[in-house]
file entry-v4.cif (mmCIF, C-alpha atoms)
data_final
#
loop_
_atom_site.label_atom_id
_atom_site.label_comp_id
_atom_site.auth_asym_id
_atom_site.auth_seq_id
_atom_site.Cartn_x
_atom_site.Cartn_y
_atom_site.Cartn_z
CA MET A 356 66.34 -99.86 55.74
CA SER A 357 69.54 -98.04 56.37
CA THR A 358 69.35 -94.46 57.48
CA GLY A 359 72.29 -92.15 57.84
CA LEU A 360 72.22 -92.61 61.57
CA PRO A 361 74.45 -95.11 63.33
CA LYS A 362 72.90 -98.11 65.12
CA GLU A 363 74.13 -96.73 68.41
CA TYR A 364 71.77 -93.75 67.97
CA TYR A 365 68.73 -96.01 67.84
CA ARG A 366 69.94 -98.34 70.53
CA LEU A 367 70.42 -95.51 72.99
CA LEU A 368 67.12 -93.89 72.13
CA GLU A 369 65.25 -97.16 72.51
CA GLU A 370 66.87 -97.89 75.85
CA LEU A 371 66.12 -94.35 77.00
CA GLN A 372 62.47 -94.85 76.00
CA THR A 373 62.37 -98.13 77.94
CA VAL A 374 63.87 -96.58 81.08
CA ASP A 375 61.53 -93.60 80.80
CA PHE A 376 58.54 -95.91 80.63
CA VAL A 377 59.62 -97.81 83.75
CA LEU A 378 60.15 -94.48 85.53
CA LEU A 379 56.67 -93.37 84.50
CA GLU A 380 55.08 -96.57 85.78
CA LEU A 381 57.00 -96.38 89.03
CA SER A 382 56.08 -92.73 89.58
CA LEU A 383 52.41 -93.56 89.09
CA TYR A 384 52.82 -96.43 91.54
CA LEU A 385 54.63 -94.24 94.06
CA ASP A 386 51.86 -91.64 93.89
CA THR A 387 49.62 -94.13 95.64
CA HIS A 388 52.30 -96.03 97.57
CA PRO A 389 54.74 -93.35 98.74
CA ASP A 390 56.17 -95.53 101.50
CA ASP A 391 57.15 -98.54 99.41
CA PRO A 392 60.95 -98.79 100.00
CA GLN A 393 61.51 -101.26 97.18
CA ALA A 394 59.87 -99.00 94.61
CA ILE A 395 61.79 -95.97 95.83
CA ALA A 396 65.08 -97.84 95.59
CA GLN A 397 64.15 -98.98 92.10
CA VAL A 398 63.18 -95.50 90.94
CA GLN A 399 66.49 -94.12 92.20
CA GLN A 400 68.35 -96.88 90.38
CA PHE A 401 66.50 -96.19 87.13
CA TYR A 402 66.96 -92.45 87.56
CA LEU A 403 70.74 -92.92 87.71
CA ARG A 404 70.59 -95.25 84.73
CA ARG A 405 68.62 -92.64 82.78
CA GLN A 406 71.16 -89.92 83.65
CA GLY A 407 73.95 -92.16 82.34
CA LEU A 408 72.04 -92.85 79.11
CA VAL A 409 71.22 -89.20 78.46
CA GLN A 410 74.77 -88.13 79.18
CA GLN A 411 76.10 -90.86 76.91
CA PHE A 412 73.74 -89.89 74.10
CA GLU A 413 74.36 -86.18 74.35
CA THR A 414 78.12 -86.46 74.26
CA GLN A 415 77.89 -88.54 71.08
CA PHE A 416 74.99 -87.09 69.14
CA GLY A 417 74.05 -83.72 70.60
CA PRO A 418 71.41 -82.25 72.85
CA LEU A 419 68.15 -84.04 73.55
CA GLN A 420 66.15 -81.31 75.27
CA GLU A 421 65.63 -77.83 73.98
CA TYR A 422 65.66 -74.53 75.85
CA ALA A 423 69.22 -75.35 76.89
CA HIS A 424 68.04 -78.08 79.25
CA SER A 425 70.72 -80.14 77.61
CA PRO A 426 74.43 -79.22 77.76
CA THR A 427 75.29 -76.77 75.01
CA VAL A 428 78.87 -77.94 74.77
CA MET A 429 78.35 -78.57 71.04
CA GLY A 430 77.01 -75.08 70.43
CA TRP A 431 73.53 -74.95 68.87
CA PRO A 432 73.42 -77.89 66.42
CA TRP A 433 69.64 -78.13 66.21
CA ALA A 434 69.52 -77.43 62.47
CA GLU A 435 72.11 -80.08 61.60
CA MET A 436 70.71 -82.79 63.84
CA PRO A 437 67.96 -85.01 62.36
CA TRP A 438 64.47 -83.75 63.07
CA PRO A 439 62.28 -86.14 65.08
CA TRP A 440 60.43 -87.30 61.99
CA GLN A 441 63.72 -87.99 60.23
CA VAL A 442 65.03 -90.29 62.93
CA MET B 265 39.36 -117.97 74.66
CA ASP B 266 41.39 -115.55 76.72
CA PRO B 267 40.25 -115.78 80.38
CA GLN B 268 39.63 -112.04 80.40
CA TRP B 269 36.92 -112.43 77.77
CA HIS B 270 33.41 -113.24 79.00
CA ALA B 271 30.94 -114.44 76.40
CA TYR B 272 27.17 -114.40 76.56
CA THR B 273 24.34 -114.98 74.09
CA PRO B 274 21.57 -112.40 74.29
CA TYR B 275 17.97 -113.57 74.18
CA SER B 276 16.64 -113.83 70.63
CA SER B 277 12.93 -114.24 70.19
CA ALA B 278 11.44 -116.70 67.72
CA LEU B 279 10.08 -113.68 65.84
CA ASP B 280 13.53 -112.20 65.55
CA PRO B 281 14.54 -112.29 61.84
CA CYS B 282 18.24 -111.99 62.61
CA PRO B 283 20.13 -115.07 63.83
CA PRO B 284 21.37 -114.83 67.45
CA ARG B 285 24.92 -113.52 67.50
CA PRO B 286 27.25 -114.63 70.34
CA LYS B 287 28.61 -111.58 72.14
CA ALA B 288 31.73 -111.17 74.28
CA TYR B 289 33.21 -108.46 76.42
CA ILE B 290 36.61 -108.10 78.05
CA VAL B 291 37.09 -107.57 81.79
CA PRO B 292 40.71 -106.49 82.27
CA PRO B 293 42.39 -107.32 85.59
CA ASN B 294 42.34 -103.74 86.76
CA GLN B 295 38.59 -104.10 87.25
CA TYR B 296 39.23 -106.54 90.09
CA VAL B 297 42.02 -104.62 91.79
CA ILE B 298 40.83 -101.84 94.11
CA PHE B 299 44.20 -100.90 95.54
CA GLN B 300 47.36 -102.26 94.01
CA PRO B 301 49.12 -104.51 96.58
CA HIS B 302 52.77 -104.02 97.44
CA GLY B 303 55.51 -106.08 95.89
CA LEU B 304 53.85 -107.23 92.69
CA ARG B 305 55.95 -109.03 90.10
CA GLN B 306 57.37 -106.83 87.35
CA PHE B 307 58.10 -107.30 83.66
CA ALA B 308 61.63 -106.75 82.38
CA PRO B 309 61.91 -103.11 81.25
CA ARG B 310 61.93 -103.89 77.54
CA GLU B 311 59.04 -106.31 77.95
CA ALA B 312 57.15 -103.72 80.00
CA LEU B 313 57.50 -101.16 77.21
CA LYS B 314 56.15 -103.67 74.70
CA ARG B 315 53.29 -104.78 76.95
CA GLY B 316 52.31 -101.29 78.02
CA THR B 317 52.47 -101.99 81.75
CA LEU B 318 55.08 -102.87 84.33
CA TRP B 319 52.86 -105.29 86.22
CA PRO B 320 52.03 -108.70 84.71
CA GLU B 321 49.06 -109.09 87.05
CA LEU B 322 47.50 -105.94 85.55
CA TYR B 323 48.35 -106.68 81.95
CA SER B 324 45.52 -106.99 79.43
CA PRO B 325 45.84 -107.31 75.66
CA TYR B 326 42.62 -105.31 75.15
CA GLU B 327 42.39 -106.81 71.70
CA HIS B 328 39.02 -107.08 69.91
CA GLY B 329 37.02 -110.21 70.48
CA ASP B 330 37.22 -112.76 67.71
CA ARG B 331 33.43 -112.92 67.50
CA GLY B 332 31.96 -110.46 69.85
CA GLY B 333 31.43 -106.91 70.88
CA GLY B 334 34.74 -105.65 69.56
CA ARG B 335 34.69 -102.63 67.28
CA ARG B 336 35.11 -103.53 63.64
#

call {"tool": "encode", "arguments": {"input": "entry-v4.cif", "output": "structure tokens"}}
result
Amino acid sequence: MSTGLPKEYYRLLEELQTVDFVLLELSLYLDTHPDDPQAIAQVQQFYLRRQGLVQQFETQFGPLQEYAHSPTVMGWPWAEMPWPWQV
Amino acid sequence: MDPQWHAYTPYSSALDPCPPRPKAYIVPPNQYVIFQPHGLRQFAPREALKRGTLWPELYSPYEHGDRGGGRR
């Protein structure tokens, strides 16, 4: 089914969801194993990867987080962007 | 059957009108793990998202039993 959105939109969102899930699992693991160096290194690596993804998405398609947690370089495009249920 | 599934047949008396039904229950790996050890293997990120956990040792499908105590 073809929606108006480019494939890149979905690819980035899916990858962001994947990275977020790994970060969630690692944070739960680190809650009980705070001194595991390998997990800490991995969480830092995934954190940087997530920052890159979010920055890449927001420059192309607009803000991800409301309350101006995302850069408002594109003004306030919330009404034009697809609503979550339209994605 | 999946190794996580344990089957048992409850006692059915001779006077019991209903036929004995085999029952099964799942024991996911997290029941055996008290404290997660360091350095466990990990799924690839995309696989982890699909499986619902990052750790293959703790993965369980949690699907209903084919013939057992699963909810219908």

call {"tool": "resolve_selection", "arguments": {"input": "entry-v4.cif", "expression": "the PyMOL selection byres ((chain A and resi 370-383) around 10)", "output": "PyMOL selection string"}}
result
(chain A and resi 365-369+384-389+394-395+397-402+404-409+412) or (chain B and resi 306-314+316-319)

call {"tool": "closest_residue", "arguments": {"input": "entry-v4.cif", "among": "B:Pro281, B:Pro267, B:Gly303, B:Pro286", "to": "chain A", "atoms": "all atoms listed in the file"}}
result
B:Gly303

call {"tool": "residues_around", "arguments": {"input": "entry-v4.cif", "residues": "Pro274 (chain B)", "least_positions_apart": "3", "cutoff": "12 Å", "atoms": "only C-alpha atoms", "output": "VMD selection string"}}
result
chain B and resid 271 277 280 283 to 288 332 to 333

call {"tool": "closest_residue", "arguments": {"input": "entry-v4.cif", "among": "A:Pro361, A:Val442, A:Pro392, A:Glu413", "to": "Met429 (chain A)", "atoms": "all atoms listed in the file"}}
result
A:Glu413

call {"tool": "resolve_selection", "arguments": {"input": "entry-v4.cif", "expression": "the PyMOL selection byres ((chain B and resi 268) around 12)", "output": "ChimeraX atom specification"}}
result
/B:265-267,269-271,288-296,321-329

call {"tool": "atom_distance", "arguments": {"input": "entry-v4.cif", "atom1": "CA of Phe416 (chain A)", "atom2": "CA of Arg315 (chain B)"}}
result
29.1 Å

call {"tool": "closest_residue", "arguments": {"input": "entry-v4.cif", "among": "A:Gln410, A:Tyr364, A:Asp391, A:Trp431", "to": "chain B", "atoms": "all atoms listed in the file"}}
result
A:Asp391

call {"tool": "closest_residue", "arguments": {"input": "entry-v4.cif", "among": "A:Glu363, A:Asp390, A:Pro432, A:Tyr422", "to": "chain B", "atoms": "all atoms listed in the file"}}
result
A:Asp390

call {"tool": "atom_distance", "arguments": {"input": "entry-v4.cif", "atom1": "CA of Thr427 (chain A)", "atom2": "CA of Lys362 (chain A)"}}
result
23.6 Å

call {"tool": "atom_distance", "arguments": {"input": "entry-v4.cif", "atom1": "CA of Gln415 (chain A)", "atom2": "CA of Val428 (chain A)"}}
result
11.3 Å

call {"tool": "resolve_selection", "arguments": {"input": "entry-v4.cif", "expression": "the PyMOL selection byres ((chain A and resi 433) around 12)", "output": "PyMOL selection string"}}
result
chain A and resi 416-423+425+427+429-432+434-439

call {"tool": "decode", "arguments": {"input": "entry-v4.cif", "residues": "region 380-391 of chain A", "atoms": "all heavy atoms", "output": "short mmCIF file (atom, residue, chain, number, x, y, z; two decimals), in the first residue's frame"}}
result
data_model
loop_
_atom_site.label_atom_id
_atom_site.label_comp_id
_atom_site.auth_asym_id
_atom_site.auth_seq_id
_atom_site.Cartn_x
_atom_site.Cartn_y
_atom_site.Cartn_z
N GLU A 380 16.36 -2.13 26.71
CA GLU A 380 16.82 -3.38 27.30
C GLU A 380 18.13 -3.17 28.05
O GLU A 380 18.33 -3.68 29.16
CB GLU A 380 17.04 -4.40 26.18
CG GLU A 380 15.77 -4.96 25.59
CD GLU A 380 15.19 -6.05 26.47
OE1 GLU A 380 15.89 -7.05 26.69
OE2 GLU A 380 14.07 -5.88 26.97
N LEU A 381 19.02 -2.39 27.46
CA LEU A 381 20.32 -2.18 28.11
C LEU A 381 20.16 -1.38 29.39
O LEU A 381 20.81 -1.66 30.40
CB LEU A 381 21.27 -1.45 27.15
CG LEU A 381 21.87 -2.31 26.04
CD1 LEU A 381 22.71 -1.46 25.11
CD2 LEU A 381 22.71 -3.43 26.63
N SER A 382 19.22 -0.41 29.39
CA SER A 382 19.07 0.39 30.62
C SER A 382 18.50 -0.49 31.73
O SER A 382 18.91 -0.40 32.88
CB SER A 382 18.15 1.57 30.36
OG SER A 382 16.90 1.11 29.96
N LEU A 383 17.58 -1.40 31.36
CA LEU A 383 17.06 -2.30 32.39
C LEU A 383 18.18 -3.18 32.92
O LEU A 383 18.31 -3.43 34.12
CB LEU A 383 15.95 -3.18 31.81
CG LEU A 383 14.63 -2.46 31.50
CD1 LEU A 383 13.68 -3.38 30.79
CD2 LEU A 383 14.02 -1.95 32.79
N TYR A 384 19.06 -3.63 31.98
CA TYR A 384 20.16 -4.50 32.40
C TYR A 384 21.12 -3.72 33.29
O TYR A 384 21.58 -4.20 34.32
CB TYR A 384 20.88 -5.02 31.15
CG TYR A 384 22.12 -5.81 31.43
CD1 TYR A 384 22.05 -7.14 31.84
CD2 TYR A 384 23.38 -5.24 31.30
CE1 TYR A 384 23.20 -7.87 32.11
CE2 TYR A 384 24.52 -5.97 31.56
CZ TYR A 384 24.42 -7.28 31.96
OH TYR A 384 25.56 -7.99 32.23
N LEU A 385 21.38 -2.45 32.91
CA LEU A 385 22.35 -1.67 33.68
C LEU A 385 21.81 -1.30 35.05
O LEU A 385 22.56 -1.05 35.98
CB LEU A 385 22.75 -0.41 32.90
CG LEU A 385 23.74 -0.67 31.76
CD1 LEU A 385 23.86 0.54 30.87
CD2 LEU A 385 25.10 -1.03 32.33
N ASP A 386 20.46 -1.28 35.20
CA ASP A 386 19.92 -0.99 36.53
C ASP A 386 20.42 -2.02 37.54
O ASP A 386 20.63 -1.71 38.72
CB ASP A 386 18.39 -1.01 36.48
CG ASP A 386 17.88 0.23 35.77
OD1 ASP A 386 18.67 1.16 35.56
OD2 ASP A 386 16.69 0.23 35.38
N THR A 387 20.57 -3.27 37.07
CA THR A 387 20.98 -4.30 38.02
C THR A 387 22.46 -4.63 37.87
O THR A 387 23.02 -5.34 38.68
CB THR A 387 20.18 -5.60 37.76
OG1 THR A 387 20.28 -5.89 36.36
CG2 THR A 387 18.73 -5.40 38.13
N HIS A 388 23.09 -4.15 36.79
CA HIS A 388 24.51 -4.44 36.61
C HIS A 388 25.24 -3.14 36.29
O HIS A 388 25.73 -2.95 35.18
CB HIS A 388 24.73 -5.43 35.45
CG HIS A 388 24.01 -6.72 35.59
ND1 HIS A 388 22.65 -6.84 35.51
CD2 HIS A 388 24.47 -7.97 35.84
CE1 HIS A 388 22.30 -8.08 35.67
NE2 HIS A 388 23.38 -8.80 35.88
N PRO A 389 25.28 -2.18 37.23
CA PRO A 389 25.81 -0.87 36.87
C PRO A 389 27.30 -0.89 36.51
O PRO A 389 27.79 0.02 35.88
CB PRO A 389 25.57 -0.03 38.12
CG PRO A 389 25.36 -0.99 39.22
CD PRO A 389 24.83 -2.25 38.62
N ASP A 390 28.00 -1.97 36.88
CA ASP A 390 29.45 -1.93 36.67
C ASP A 390 29.88 -2.79 35.49
O ASP A 390 31.03 -3.18 35.40
CB ASP A 390 30.15 -2.44 37.94
CG ASP A 390 29.54 -3.79 38.33
OD1 ASP A 390 28.66 -4.25 37.55
OD2 ASP A 390 29.92 -4.36 39.35
N ASP A 391 28.94 -3.07 34.58
CA ASP A 391 29.31 -3.92 33.45
C ASP A 391 29.87 -3.03 32.35
O ASP A 391 29.12 -2.32 31.68
CB ASP A 391 28.06 -4.67 32.95
CG ASP A 391 28.42 -5.65 31.84
OD1 ASP A 391 29.49 -5.47 31.24
OD2 ASP A 391 27.64 -6.56 31.57
#
